[in-house]
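Q: File upload07.csv follows (CSV, C-alpha atoms and all ligand atoms):
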```
chain,number,residue,atom,x,y,z
D,25,MET,CA,78.8,117.5,56.7
D,26,THR,CA,81.0,120.2,57.8
D,27,GLN,CA,83.9,119.6,60.2
D,28,ALA,CA,84.6,122.2,62.8
D,29,THR,CA,88.3,123.0,62.6
D,30,ASN,CA,88.8,125.1,65.7
D,31,GLU,CA,91.0,123.4,68.2
D,32,TYR,CA,90.3,123.7,71.9
D,33,PRO,CA,93.1,124.9,74.2
D,34,VAL,CA,93.5,122.6,77.2
D,35,THR,CA,95.4,122.7,80.5
D,36,GLY,CA,96.5,119.6,82.1
D,37,TYR,CA,99.4,117.7,83.8
D,38,ALA,CA,101.9,115.7,81.8
D,39,ALA,CA,105.1,113.7,82.3
D,40,THR,CA,107.8,114.8,79.9
D,41,SER,CA,110.3,112.1,80.6
D,42,PRO,CA,110.5,108.9,82.8
D,43,ASP,CA,111.8,110.8,85.8
D,44,SER,CA,110.2,114.2,85.2
D,45,GLY,CA,107.2,113.7,87.5
D,46,MET,CA,103.9,115.3,86.6
D,47,ALA,CA,103.9,119.0,85.9
D,48,PRO,CA,101.5,121.6,84.3
D,49,PHE,CA,101.2,121.2,80.6
D,50,ASP,CA,99.2,123.2,78.0
D,51,PHE,CA,98.0,121.5,74.8
D,52,THR,CA,95.1,121.4,72.3
D,53,ARG,CA,92.3,119.0,71.6
D,54,ARG,CA,91.0,118.6,68.1
D,55,GLY,CA,87.9,120.5,66.9
D,56,LEU,CA,84.7,118.5,67.0
D,57,ARG,CA,84.1,116.0,64.2
D,58,ASP,CA,80.5,115.4,63.5
D,59,ASP,CA,80.3,112.5,65.9
D,60,ASP,CA,82.4,114.0,68.7
D,61,VAL,CA,81.5,115.5,72.0
D,62,LEU,CA,83.5,118.0,74.1
D,63,ILE,CA,83.5,117.3,77.8
D,64,ASP,CA,84.5,119.6,80.7
D,65,ILE,CA,86.2,117.1,83.0
D,66,THR,CA,85.2,117.3,86.7
D,67,HIS,CA,87.1,114.3,88.1
D,68,CYS,CA,89.8,111.8,87.1
D,69,GLY,CA,90.7,108.7,89.0
D,70,ILE,CA,94.4,107.6,89.2
D,71,CYS,CA,95.1,104.1,87.9
D,72,HIS,CA,98.3,102.1,88.3
D,73,SER,CA,98.6,102.2,84.5
D,74,ASP,CA,98.9,106.0,84.7
D,75,LEU,CA,102.0,105.7,86.9
D,76,HIS,CA,103.6,102.9,84.9
D,77,THR,CA,103.0,104.9,81.7
D,78,ALA,CA,104.3,108.2,83.1
D,79,ARG,CA,107.5,106.4,84.2
D,80,ASN,CA,107.8,104.3,81.0
D,81,ASP,CA,107.8,101.1,83.0
D,82,TRP,CA,106.4,99.3,80.0
D,83,GLY,CA,108.9,100.8,77.6
D,84,ARG,CA,106.4,102.2,75.1
D,85,THR,CA,105.6,105.7,76.4
D,86,THR,CA,106.1,108.7,74.1
D,87,TYR,CA,106.4,112.0,75.8
D,88,PRO,CA,104.8,114.3,76.7
D,89,ILE,CA,102.1,112.1,78.1
D,90,VAL,CA,98.9,113.2,79.9
D,91,PRO,CA,97.6,110.1,81.7
D,92,GLY,CA,94.1,109.5,83.1
D,93,HIS,CA,91.4,107.1,81.9
D,94,GLU,CA,88.9,107.2,84.7
D,95,ILE,CA,87.2,110.4,83.6
D,96,THR,CA,83.9,112.0,84.5
D,97,GLY,CA,82.5,115.4,83.4
D,98,LYS,CA,79.8,117.3,81.7
D,99,VAL,CA,79.1,117.7,78.0
D,100,ALA,CA,80.1,121.2,76.9
D,101,ALA,CA,79.5,120.9,73.1
D,102,VAL,CA,78.4,118.3,70.5
D,103,GLY,CA,79.2,117.7,66.9
D,104,GLU,CA,76.6,118.1,64.2
D,105,ALA,CA,75.6,114.4,64.0
D,106,VAL,CA,75.7,113.6,67.7
D,107,THR,CA,72.5,111.9,68.9
D,108,ARG,CA,73.4,110.2,72.2
D,109,HIS,CA,74.5,113.2,74.3
D,110,GLN,CA,73.4,116.7,74.9
D,111,VAL,CA,75.1,119.7,76.4
D,112,GLY,CA,75.0,119.5,80.2
D,113,ASP,CA,74.8,115.7,80.3
D,114,ARG,CA,76.8,113.9,83.1
D,115,VAL,CA,79.1,111.6,81.2
D,116,ALA,CA,82.3,109.5,81.5
D,117,ILE,CA,85.1,108.1,79.5
D,118,GLY,CA,87.1,105.0,80.4
D,119,CYS,CA,90.2,103.3,78.9
D,120,MET,CA,89.3,103.6,75.2
D,121,VAL,CA,88.1,106.5,73.0
D,122,ASP,CA,87.6,104.6,69.7
D,123,SER,CA,87.7,101.3,67.9
D,124,CYS,CA,86.8,100.2,64.3
D,125,LYS,CA,83.3,99.2,65.3
D,126,GLN,CA,83.2,96.9,62.3
D,127,CYS,CA,85.2,93.8,63.2
D,128,ASP,CA,83.6,90.6,64.8
D,129,HIS,CA,84.7,91.6,68.3
D,130,CYS,CA,83.4,95.2,68.0
D,131,LYS,CA,80.1,93.9,66.7
D,132,GLN,CA,79.8,91.7,69.8
D,133,GLY,CA,80.3,94.7,72.0
D,134,LEU,CA,83.9,93.8,72.8
D,135,GLU,CA,85.4,97.0,71.5
D,136,GLN,CA,88.3,96.5,74.0
D,137,TYR,CA,89.4,93.5,72.0
D,138,CYS,CA,88.9,95.2,68.6
D,139,LYS,CA,90.9,93.2,65.9
D,140,ASN,CA,92.1,96.5,64.5
D,141,GLY,CA,93.1,97.8,67.9
D,142,MET,CA,91.1,99.9,70.2
D,143,VAL,CA,92.3,103.5,70.7
D,144,GLY,CA,93.6,104.0,74.2
D,145,THR,CA,92.4,107.2,76.0
D,146,TYR,CA,96.0,108.2,76.4
D,147,GLY,CA,99.1,107.3,74.4
D,148,GLY,CA,96.9,105.9,71.7
D,149,THR,CA,96.8,106.9,68.0
D,150,ASP,CA,93.7,108.6,66.6
D,151,ARG,CA,92.3,106.5,63.8
D,152,HIS,CA,91.6,109.5,61.6
D,153,ASP,CA,94.4,112.0,61.9
D,154,GLY,CA,97.2,109.9,63.5
D,155,SER,CA,97.6,112.2,66.4
D,156,LYS,CA,98.5,110.9,69.9
D,157,THR,CA,95.6,110.7,72.4
D,158,GLN,CA,96.0,112.5,75.8
D,159,GLY,CA,94.1,111.5,78.9
D,160,GLY,CA,92.0,112.9,81.7
D,161,TYR,CA,94.5,114.8,83.8
D,162,SER,CA,93.2,117.9,82.0
D,163,ASN,CA,90.2,120.3,82.0
D,164,ARG,CA,88.6,119.0,78.8
D,165,ILE,CA,88.6,116.2,76.3
D,166,VAL,CA,87.1,115.4,72.9
D,167,CYS,CA,85.7,111.9,72.3
D,168,ARG,CA,83.6,110.0,69.7
D,169,GLU,CA,80.1,109.9,71.1
D,170,GLU,CA,79.8,106.1,71.1
D,171,PHE,CA,82.7,105.9,73.6
D,172,VAL,CA,81.1,108.3,76.0
D,173,LEU,CA,79.2,106.7,78.9
D,174,LYS,CA,76.3,108.2,80.8
D,175,VAL,CA,76.7,108.6,84.5
D,176,PRO,CA,73.4,107.7,86.2
D,177,ALA,CA,71.9,110.4,88.4
D,178,ALA,CA,72.3,108.4,91.6
D,179,LEU,CA,76.1,108.3,91.2
D,180,ASP,CA,78.3,111.1,92.5
D,181,MET,CA,80.8,112.2,89.8
D,182,ALA,CA,83.8,111.7,92.0
D,183,ASP,CA,82.6,108.2,93.0
D,184,ALA,CA,81.9,107.3,89.4
D,185,ALA,CA,85.3,108.0,88.1
D,186,PRO,CA,87.2,104.9,89.3
D,187,LEU,CA,84.4,102.7,88.0
D,188,LEU,CA,85.6,103.4,84.5
D,189,CYS,CA,88.7,101.3,84.9
D,190,ALA,CA,88.9,99.6,88.3
D,191,GLY,CA,85.2,99.0,88.2
D,192,ILE,CA,84.7,97.6,84.7
D,193,THR,CA,87.9,95.5,84.9
D,194,THR,CA,86.5,93.5,87.8
D,195,TYR,CA,82.8,93.6,86.9
D,196,SER,CA,83.3,92.2,83.4
D,197,PRO,CA,85.0,88.9,84.4
D,198,LEU,CA,82.6,88.3,87.3
D,199,ARG,CA,79.7,88.6,84.8
D,200,ASN,CA,81.5,86.6,82.1
D,201,TRP,CA,81.9,83.7,84.5
D,202,LYS,CA,78.3,84.1,85.7
D,203,VAL,CA,79.0,84.8,89.3
D,204,GLY,CA,75.8,84.8,91.4
D,205,PRO,CA,74.2,83.3,94.4
D,206,GLY,CA,76.0,80.1,95.3
D,207,SER,CA,79.2,81.1,93.6
D,208,LYS,CA,82.4,81.0,95.6
D,209,VAL,CA,84.8,83.7,94.5
D,210,ALA,CA,88.2,84.5,95.9
D,211,VAL,CA,89.8,87.9,95.3
D,212,ALA,CA,93.6,88.1,95.4
D,213,GLY,CA,95.0,91.6,96.0
D,214,LEU,CA,93.0,94.2,97.8
D,215,GLY,CA,93.8,97.5,96.0
D,216,GLY,CA,91.9,99.7,93.6
D,217,LEU,CA,90.7,96.7,91.5
D,218,GLY,CA,90.5,94.2,94.3
D,219,HIS,CA,88.2,96.3,96.6
D,220,MET,CA,85.8,96.7,93.7
D,221,GLY,CA,85.9,93.0,92.9
D,222,VAL,CA,84.9,92.3,96.5
D,223,LYS,CA,82.0,94.8,96.4
D,224,PHE,CA,80.8,93.5,93.0
D,225,ALA,CA,81.0,89.8,93.8
D,226,ALA,CA,79.2,90.3,97.1
D,227,ALA,CA,76.5,92.4,95.4
D,228,MET,CA,76.0,89.6,92.8
D,229,GLY,CA,75.3,87.2,95.7
D,230,ALA,CA,78.5,85.3,95.8
D,231,GLU,CA,80.4,84.0,98.8
D,232,VAL,CA,83.5,86.2,98.7
D,233,THR,CA,86.9,85.4,100.2
D,234,VAL,CA,89.8,87.8,100.2
D,235,LEU,CA,93.3,86.2,99.7
D,236,SER,CA,96.1,88.0,101.3
D,237,ARG,CA,99.7,87.4,102.5
D,238,THR,CA,99.1,88.9,105.9
D,239,GLU,CA,96.4,89.5,108.5
D,240,SER,CA,96.6,93.3,108.0
D,241,LYS,CA,93.7,93.5,105.6
D,242,ARG,CA,91.2,91.2,107.4
D,243,GLU,CA,89.1,94.0,108.9
D,244,ASP,CA,89.0,96.0,105.7
D,245,ALA,CA,88.0,92.9,103.7
D,246,ALA,CA,85.1,92.3,106.0
D,247,ALA,CA,84.0,96.0,105.9
D,248,LEU,CA,84.0,95.8,102.1
D,249,GLY,CA,81.7,92.9,102.1
D,250,ALA,CA,84.0,89.8,102.1
D,251,HIS,CA,82.7,86.8,104.0
D,252,ASP,CA,86.0,85.1,104.6
D,253,PHE,CA,89.7,85.9,104.7
D,254,LEU,CA,92.4,83.4,103.7
D,255,ILE,CA,96.1,83.9,104.4
D,256,THR,CA,98.1,82.6,101.5
D,257,THR,CA,101.2,82.0,103.5
D,258,ASP,CA,99.3,79.7,105.8
D,259,LYS,CA,99.8,76.3,104.2
D,260,ASP,CA,97.2,74.5,106.2
D,261,ALA,CA,94.6,77.1,105.6
D,262,MET,CA,95.3,77.0,101.9
D,263,LYS,CA,95.1,73.2,101.8
D,264,ALA,CA,91.8,73.3,103.5
D,265,LYS,CA,90.4,75.4,100.7
D,266,SER,CA,91.9,73.3,97.9
D,267,GLY,CA,89.3,72.7,95.1
D,268,TYR,CA,86.9,75.1,96.8
D,269,PHE,CA,86.4,78.1,94.5
D,270,ASP,CA,84.6,78.7,91.2
D,271,MET,CA,86.7,81.7,90.5
D,272,VAL,CA,89.8,83.5,91.6
D,273,LEU,CA,89.9,87.1,90.6
D,274,ASN,CA,93.6,87.9,90.6
D,275,THR,CA,94.1,91.6,90.8
D,276,ILE,CA,97.7,91.6,92.0
D,277,PRO,CA,99.6,94.2,89.8
D,278,VAL,CA,103.1,92.8,90.2
D,279,ARG,CA,105.0,89.7,89.1
D,280,HIS,CA,104.1,86.7,91.3
D,281,ASN,CA,103.5,83.0,91.3
D,282,VAL,CA,99.9,82.2,90.3
D,283,ALA,CA,100.2,78.5,91.0
D,284,PRO,CA,98.9,78.5,94.6
D,285,TYR,CA,95.7,80.0,93.4
D,286,LEU,CA,95.2,77.2,90.9
D,287,HIS,CA,95.1,74.8,93.8
D,288,LEU,CA,92.1,76.6,95.2
D,289,LEU,CA,90.0,76.1,92.1
D,290,LYS,CA,87.3,73.5,91.5
D,291,VAL,CA,87.2,71.5,88.2
D,292,ASP,CA,86.4,74.1,85.5
D,293,GLY,CA,87.1,76.9,87.9
D,294,ALA,CA,88.9,79.9,86.5
D,295,GLN,CA,91.7,82.1,87.7
D,296,VAL,CA,91.3,85.4,85.9
D,297,LEU,CA,94.2,87.7,85.8
D,298,VAL,CA,93.2,91.4,85.6
D,299,GLY,CA,96.4,93.0,86.8
D,300,MET,CA,99.2,93.6,84.3
D,301,ILE,CA,101.9,91.4,85.7
D,302,ASP,CA,104.2,91.2,82.7
D,303,MET,CA,106.1,87.9,82.4
D,304,MET,CA,104.9,85.1,84.7
D,305,PRO,CA,107.2,82.9,86.6
D,306,GLU,CA,107.4,79.3,85.3
D,307,LEU,CA,104.2,77.3,85.8
D,308,HIS,CA,103.9,73.5,85.9
D,309,THR,CA,101.2,72.6,83.5
D,310,GLY,CA,100.1,69.7,85.7
D,311,LEU,CA,98.3,72.3,87.7
D,312,LEU,CA,95.9,72.8,84.9
D,313,LEU,CA,95.0,69.2,84.4
D,314,GLY,CA,92.1,69.4,86.8
D,315,ARG,CA,90.4,71.2,83.9
D,316,LYS,CA,91.3,74.5,85.5
D,317,ILE,CA,91.3,77.7,83.5
D,318,LEU,CA,94.0,80.3,83.7
D,319,THR,CA,93.0,83.3,81.8
D,320,GLY,CA,92.9,87.1,81.6
D,321,SER,CA,90.4,89.8,81.1
D,322,GLY,CA,90.8,93.4,80.0
D,323,ILE,CA,88.3,96.1,81.0
D,324,GLY,CA,84.9,95.6,79.3
D,325,GLY,CA,83.0,96.7,76.2
D,326,ILE,CA,81.0,100.0,76.0
D,327,GLU,CA,77.6,98.5,76.5
D,328,GLU,CA,78.8,96.4,79.4
D,329,THR,CA,80.5,99.5,81.0
D,330,GLN,CA,77.2,101.3,80.8
D,331,LYS,CA,75.4,98.3,82.4
D,332,MET,CA,78.1,98.3,85.2
D,333,LEU,CA,77.4,102.0,85.9
D,334,GLU,CA,73.7,101.3,86.2
D,335,PHE,CA,74.3,98.3,88.4
D,336,CYS,CA,76.4,100.5,90.7
D,337,ALA,CA,73.6,103.1,90.8
D,338,GLU,CA,70.9,100.5,91.5
D,339,LYS,CA,72.9,98.6,94.2
D,340,GLY,CA,74.5,101.7,95.7
D,341,ILE,CA,78.0,100.4,95.0
D,342,THR,CA,80.8,103.0,95.0
D,343,PRO,CA,84.5,102.8,95.3
D,344,GLU,CA,86.4,104.0,98.4
D,345,ILE,CA,88.1,107.1,97.3
D,346,GLU,CA,90.5,109.8,98.5
D,347,MET,CA,90.1,113.1,96.7
D,348,ILE,CA,93.3,115.0,95.9
D,349,ARG,CA,94.2,118.3,94.2
D,350,MET,CA,95.8,118.2,90.8
D,351,ASP,CA,99.1,119.4,92.3
D,352,GLU,CA,99.2,116.5,94.7
D,353,VAL,CA,99.5,113.9,91.9
D,354,ASN,CA,103.2,113.3,92.4
D,355,GLU,CA,102.7,112.6,96.1
D,356,ALA,CA,99.8,110.4,95.2
D,357,TYR,CA,102.0,108.3,92.8
D,358,ASP,CA,104.6,107.8,95.6
D,359,ARG,CA,101.9,106.7,98.0
D,360,MET,CA,100.4,104.3,95.5
D,361,GLU,CA,103.8,102.6,95.2
D,362,GLU,CA,103.6,102.0,98.9
D,363,SER,CA,100.0,100.8,98.6
D,364,ASP,CA,99.2,103.7,100.9
D,365,VAL,CA,95.7,104.5,99.5
D,366,LYS,CA,92.3,103.3,100.4
D,367,TYR,CA,91.5,102.5,97.7
D,368,ARG,CA,91.6,105.0,94.8
D,369,PHE,CA,92.8,108.5,94.4
D,370,VAL,CA,90.5,110.8,92.5
D,371,ILE,CA,91.6,114.2,91.2
D,372,ASP,CA,89.2,117.1,91.7
D,373,MET,CA,89.7,118.8,88.4
D,374,GLU,CA,88.4,122.1,89.7
D,375,THR,CA,91.8,122.3,91.5
D,376,LEU,CA,93.6,122.4,88.1
D,377,GLY,CA,93.4,126.2,88.1
J,1,ZN,ZN,93.3,101.8,84.5
J,2,ZN,ZN,86.9,96.4,65.8
```
Rewrite the structure of this file - the entire thing - as C-alpha cells.
A:
Amino acid sequence: MTQATNEYPVTGYAATSPDSGMAPFDFTRRGLRDDDVLIDITHCGICHSDLHTARNDWGRTTYPIVPGHEITGKVAAVGEAVTRHQVGDRVAIGCMVDSCKQCDHCKQGLEQYCKNGMVGTYGGTDRHDGSKTQGGYSNRIVCREEFVLKVPAALDMADAAPLLCAGITTYSPLRNWKVGPGSKVAVAGLGGLGHMGVKFAAAMGAEVTVLSRTESKREDAAALGAHDFLITTDKDAMKAKSGYFDMVLNTIPVRHNVAPYLHLLKVDGAQVLVGMIDMMPELHTGLLLGRKILTGSGIGGIEETQKMLEFCAEKGITPEIEMIRMDEVNEAYDRMEESDVKYRFVIDMETLG
C-alpha cells in the first residue's frame, strides 16, 4: 500500500507557554496513512482539561499545544484502506485518536485503558512517527478511522461536540453500574460533566438528586431533570439521606473531601470520581467498611461512545451549550474558572478565519 506523504497545512489556536493565553497558530497535519481520515472541523467543545493543559496545571504540557478533544466535523478525504467513513460523513473525535487495539483492554472495547497507553487527541505521542498530537482548536485533523465516531443525523453538530468528553465520561459509569428504573443516583457538581450526568441518569429512568453546597443551583437542577436537590452543607438533610443512594457520580473538578458522599451510599453503592482532582485529602477507611466502593472512571471506549451518541439521538439528549467565536477562547477560559458557563462552551470553527 502506498502512503500519501503530503502534509496538510492547518490553522488553529495554541498556547505557547503557561501564561501565553491562546493565540493563532499555523501547523501541519500528517499526510493520510491508509487507515486515516481527514476531517474538516466544524465545532469543538471546551473541556476543563484544555484549560489545565494550556496553563500546565498538571506539569506535563509541552508547547506549543493546541487543545480540544470534543470535535465534530465532516470527512474531507480518506486513506486507501478506509472502509468505515466516506467523504462528506458527519463525524466526531473525542479524547483519544489511537491505541494498540491488541491488548486485553483494547479487545474488550476499553481502548481508553489500553495497556500500552491510548494516544490522547492532544499532547499525545503518535504510535508510528513519534510526533506530538494536536487537538481540535483548528480547522482540520487527521485520525485513524477506528477512532472516528459517526454523528447520528438527529444530532446537531454543535450539540454533539461536548458529548465526546463530558457526555461519555458521565454515560460510561452510569451504564457500568447498571443505572436504570429504580436506581437512586446522586450527582455531585453541576458543571459540564454534572449536567450531562443528570440528563443521562434521568433518561435511563433513575431517581436523580443533585448534590450542591448552596441553594443557587436548585432550579437549574430541576430544569435539567433532577428529581431532588440536597444541600451538602445541611447536616440534617445529609443525615436523612445516609445509606440512600446506589451511586454518587462525583464530577467535582477540584480537590475536595469525598467522605461525606460515602455516607450517602447503600451497601455495595459506588462513588465514582470522574473529575480530575489530583491528590485527595486523607480518608478514614472505616467509611468503606459498609462495603462501599470508591472508584473512578475515565471517558469510555469507542464502541460505547458510539452507543452514547445514538442514545442521545434517540432520547433527544443534548448538552446546554454557549457558542463562541475562536477569538473568544481566552475570555471563555476565564469564565470557566468562575464557573460562569451554562454548561459548555462550543467553538464555532467557521469563525477561525
Ligand atoms: Zn475533556
Ligand atoms: Zn491496547
Q: Can you build me a table of chain D residues sitting at most 9 Å from ligand ZN 1 (chain J), with the closest atom pair per residue and its distance in Å to one decimal, using all atoms listed in the file, sorted by chain and residue number, as a tab-separated table?
A:
```
residue	atom	partner	partner_atom	distance
D:Gly69	CA	J:ZN1	ZN	8.6
D:Ile70	CA	J:ZN1	ZN	7.5
D:Cys71	CA	J:ZN1	ZN	4.5
D:His72	CA	J:ZN1	ZN	6.3
D:Ser73	CA	J:ZN1	ZN	5.3
D:Asp74	CA	J:ZN1	ZN	7.0
D:Gly92	CA	J:ZN1	ZN	7.9
D:His93	CA	J:ZN1	ZN	6.2
D:Glu94	CA	J:ZN1	ZN	7.0
D:Gly118	CA	J:ZN1	ZN	8.1
D:Cys119	CA	J:ZN1	ZN	6.6
D:Pro186	CA	J:ZN1	ZN	8.4
D:Leu188	CA	J:ZN1	ZN	7.9
D:Cys189	CA	J:ZN1	ZN	4.6
D:Ala190	CA	J:ZN1	ZN	6.2
D:Thr193	CA	J:ZN1	ZN	8.3
D:Ile323	CA	J:ZN1	ZN	8.4
```
Q: Out of D:Ile326, D:Tyr195, D:Gly340, D:Val282, which residue has the shortest atom-to-atom distance to Leu312 (chain D) when counting only C-alpha atoms?
A: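 Smallest separation from Leu312 (chain D) among the options: D:Val282.
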Q: Pull the closest atom pair for each residue of chain D that gets at most 6 Å from ligand ZN 2 (chain J), along with the distance in Å to one decimal, counting only C-alpha atoms and all ligand atoms, ordering rows by chain and then ascending residue number, as CSV.
A:
```
residue,atom,partner,partner_atom,distance
D:Ser123,CA,J:ZN2,ZN,5.4
D:Cys124,CA,J:ZN2,ZN,4.1
D:Lys125,CA,J:ZN2,ZN,4.6
D:Gln126,CA,J:ZN2,ZN,5.1
D:Cys127,CA,J:ZN2,ZN,4.1
D:His129,CA,J:ZN2,ZN,5.8
D:Cys130,CA,J:ZN2,ZN,4.3
D:Glu135,CA,J:ZN2,ZN,5.9
D:Cys138,CA,J:ZN2,ZN,3.6
D:Lys139,CA,J:ZN2,ZN,5.1
D:Asn140,CA,J:ZN2,ZN,5.4
```
Q: Write out as a PyMOL selection string which residues come within 12 Å of Ser240 (chain D) when counting all atoms listed in the file, dropping same-chain ones fewer than 4 positions away.
A: chain D and resi 214+234-236+244-246+253-255
Q: State, in Å with one decimal place, the distance from CA of Gln136 (chain D) to CA of Gly55 (chain D).
A: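 Calculated distance between CA of Gln136 (chain D) and CA of Gly55 (chain D) is 25.0 Å.
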Q: What does the distance between CA of Phe335 (chain D) and CA of Ala227 (chain D) come to in Å, to one decimal place?
A: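 Interatomic distance, CA of Phe335 (chain D) to CA of Ala227 (chain D): 9.4 Å.
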Q: For Met350 (chain D), which residue out of D:Lys208, D:His219, D:His67, D:Arg199 is the nearest one, using all atoms listed in the file?
A: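 Of the candidates, the smallest distance to Met350 (chain D) is held by D:His67.
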Q: With only C-alpha atoms as the counted atoms, please give the residues lying no more than 12 Å from Asp180 (chain D), apart from itself and same-chain residues fewer than 2 positions off, as a ChimeraX atom specification.
A: /D:66-67,96-97,114-116,175-178,182-187,333,336-337,340-343,345
Q: Please provide as a VMD selection string all residues within 10 Å of Leu198 (chain D), with the sequence filter that same-chain residues fewer than 6 positions apart are discarded (counting only C-alpha atoms).
A: chain D and resid 192 204 209 221 224 to 225 228 230 271 to 273 296
Q: What's the 8 Å shell around Ser196 (chain D), counting all atoms listed in the file, without same-chain residues fewer than 5 positions away, as a ChimeraX atom specification?
A: /D:321,323-324,328
Q: Any idea what the distance is between CA of Tyr146 (chain D) and CA of Pro197 (chain D)?
A: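 It comes out at 23.6 Å.
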Q: Go through region 33-126 of chain D and flag each residue having an atom no more than 8 Å from region 154-165 of chain D; for those, report the closest pair of atoms plus their distance in Å to one decimal, using all atoms listed in the file, ordered by chain and rising number, as a Markdown table.
A:
```
| residue | atom | partner | partner_atom | distance |
| --- | --- | --- | --- | --- |
| D:Val34 | CA | D:Asn163 | CA | 6.3 |
| D:Thr35 | CA | D:Ser162 | CA | 5.5 |
| D:Gly36 | CA | D:Ser162 | CA | 3.7 |
| D:Tyr37 | CA | D:Tyr161 | CA | 5.7 |
| D:Ala38 | CA | D:Tyr161 | CA | 7.7 |
| D:Arg53 | CA | D:Ile165 | CA | 6.6 |
| D:Leu62 | CA | D:Ile165 | CA | 5.8 |
| D:Ile63 | CA | D:Ile165 | CA | 5.4 |
| D:Asp64 | CA | D:Arg164 | CA | 4.6 |
| D:Ile65 | CA | D:Arg164 | CA | 5.2 |
| D:Thr66 | CA | D:Asn163 | CA | 7.5 |
| D:Cys68 | CA | D:Gly160 | CA | 5.9 |
| D:Ile89 | CA | D:Gln158 | CA | 6.5 |
| D:Val90 | CA | D:Gln158 | CA | 5.1 |
| D:Pro91 | CA | D:Gly159 | CA | 4.7 |
| D:Gly92 | CA | D:Gly160 | CA | 4.2 |
| D:His93 | CA | D:Gly160 | CA | 5.8 |
| D:Glu94 | CA | D:Gly160 | CA | 7.1 |
| D:Ile95 | CA | D:Gly160 | CA | 5.7 |
```
Q: Counting all atoms listed in the file, which of D:Met181, D:Lys331, D:Asp60, D:Val291 gets nearest to Met347 (chain D)?
A: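 Smallest distance to Met347 (chain D) is found for D:Met181.
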Q: Could you give me, as a list of chain:residue names, the residues within 10 Å of Tyr357 (chain D), counting all atoms listed in the file and dropping anything in the same chain fewer than 5 positions from it?
A: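 The filter keeps D:Gly45, D:Met46, D:Ile70, D:Cys71, D:His72, D:Asp74, D:Leu75, D:His76, D:Ala78, D:Glu352, D:Glu362, D:Ser363, D:Asp364, D:Val365, D:Phe369.
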Q: My list of candidates is D:Asp150, D:Asp252, D:Glu170, D:Asp122. Which is closest to Glu327 (chain D) when distances are computed with all atoms listed in the file?
A: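 So, comparing all the options, the nearest one is D:Glu170.
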Q: With all atoms listed in the file as the atoms that count, which of D:Leu307, D:Leu286, D:Ile371, D:Ala294 lies nearest to Lys265 (chain D)?
A: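 Checking each of D:Leu307, D:Leu286, D:Ile371, D:Ala294 against Lys265 (chain D), counting all atoms listed in the file, the winner is D:Leu286.
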Q: In terms of the shortest atom-to-atom distance over only C-alpha atoms, which of D:Gly216, D:Gly147, D:Pro284, D:Gly229 is closest to Lys202 (chain D)?
A: D:Gly229
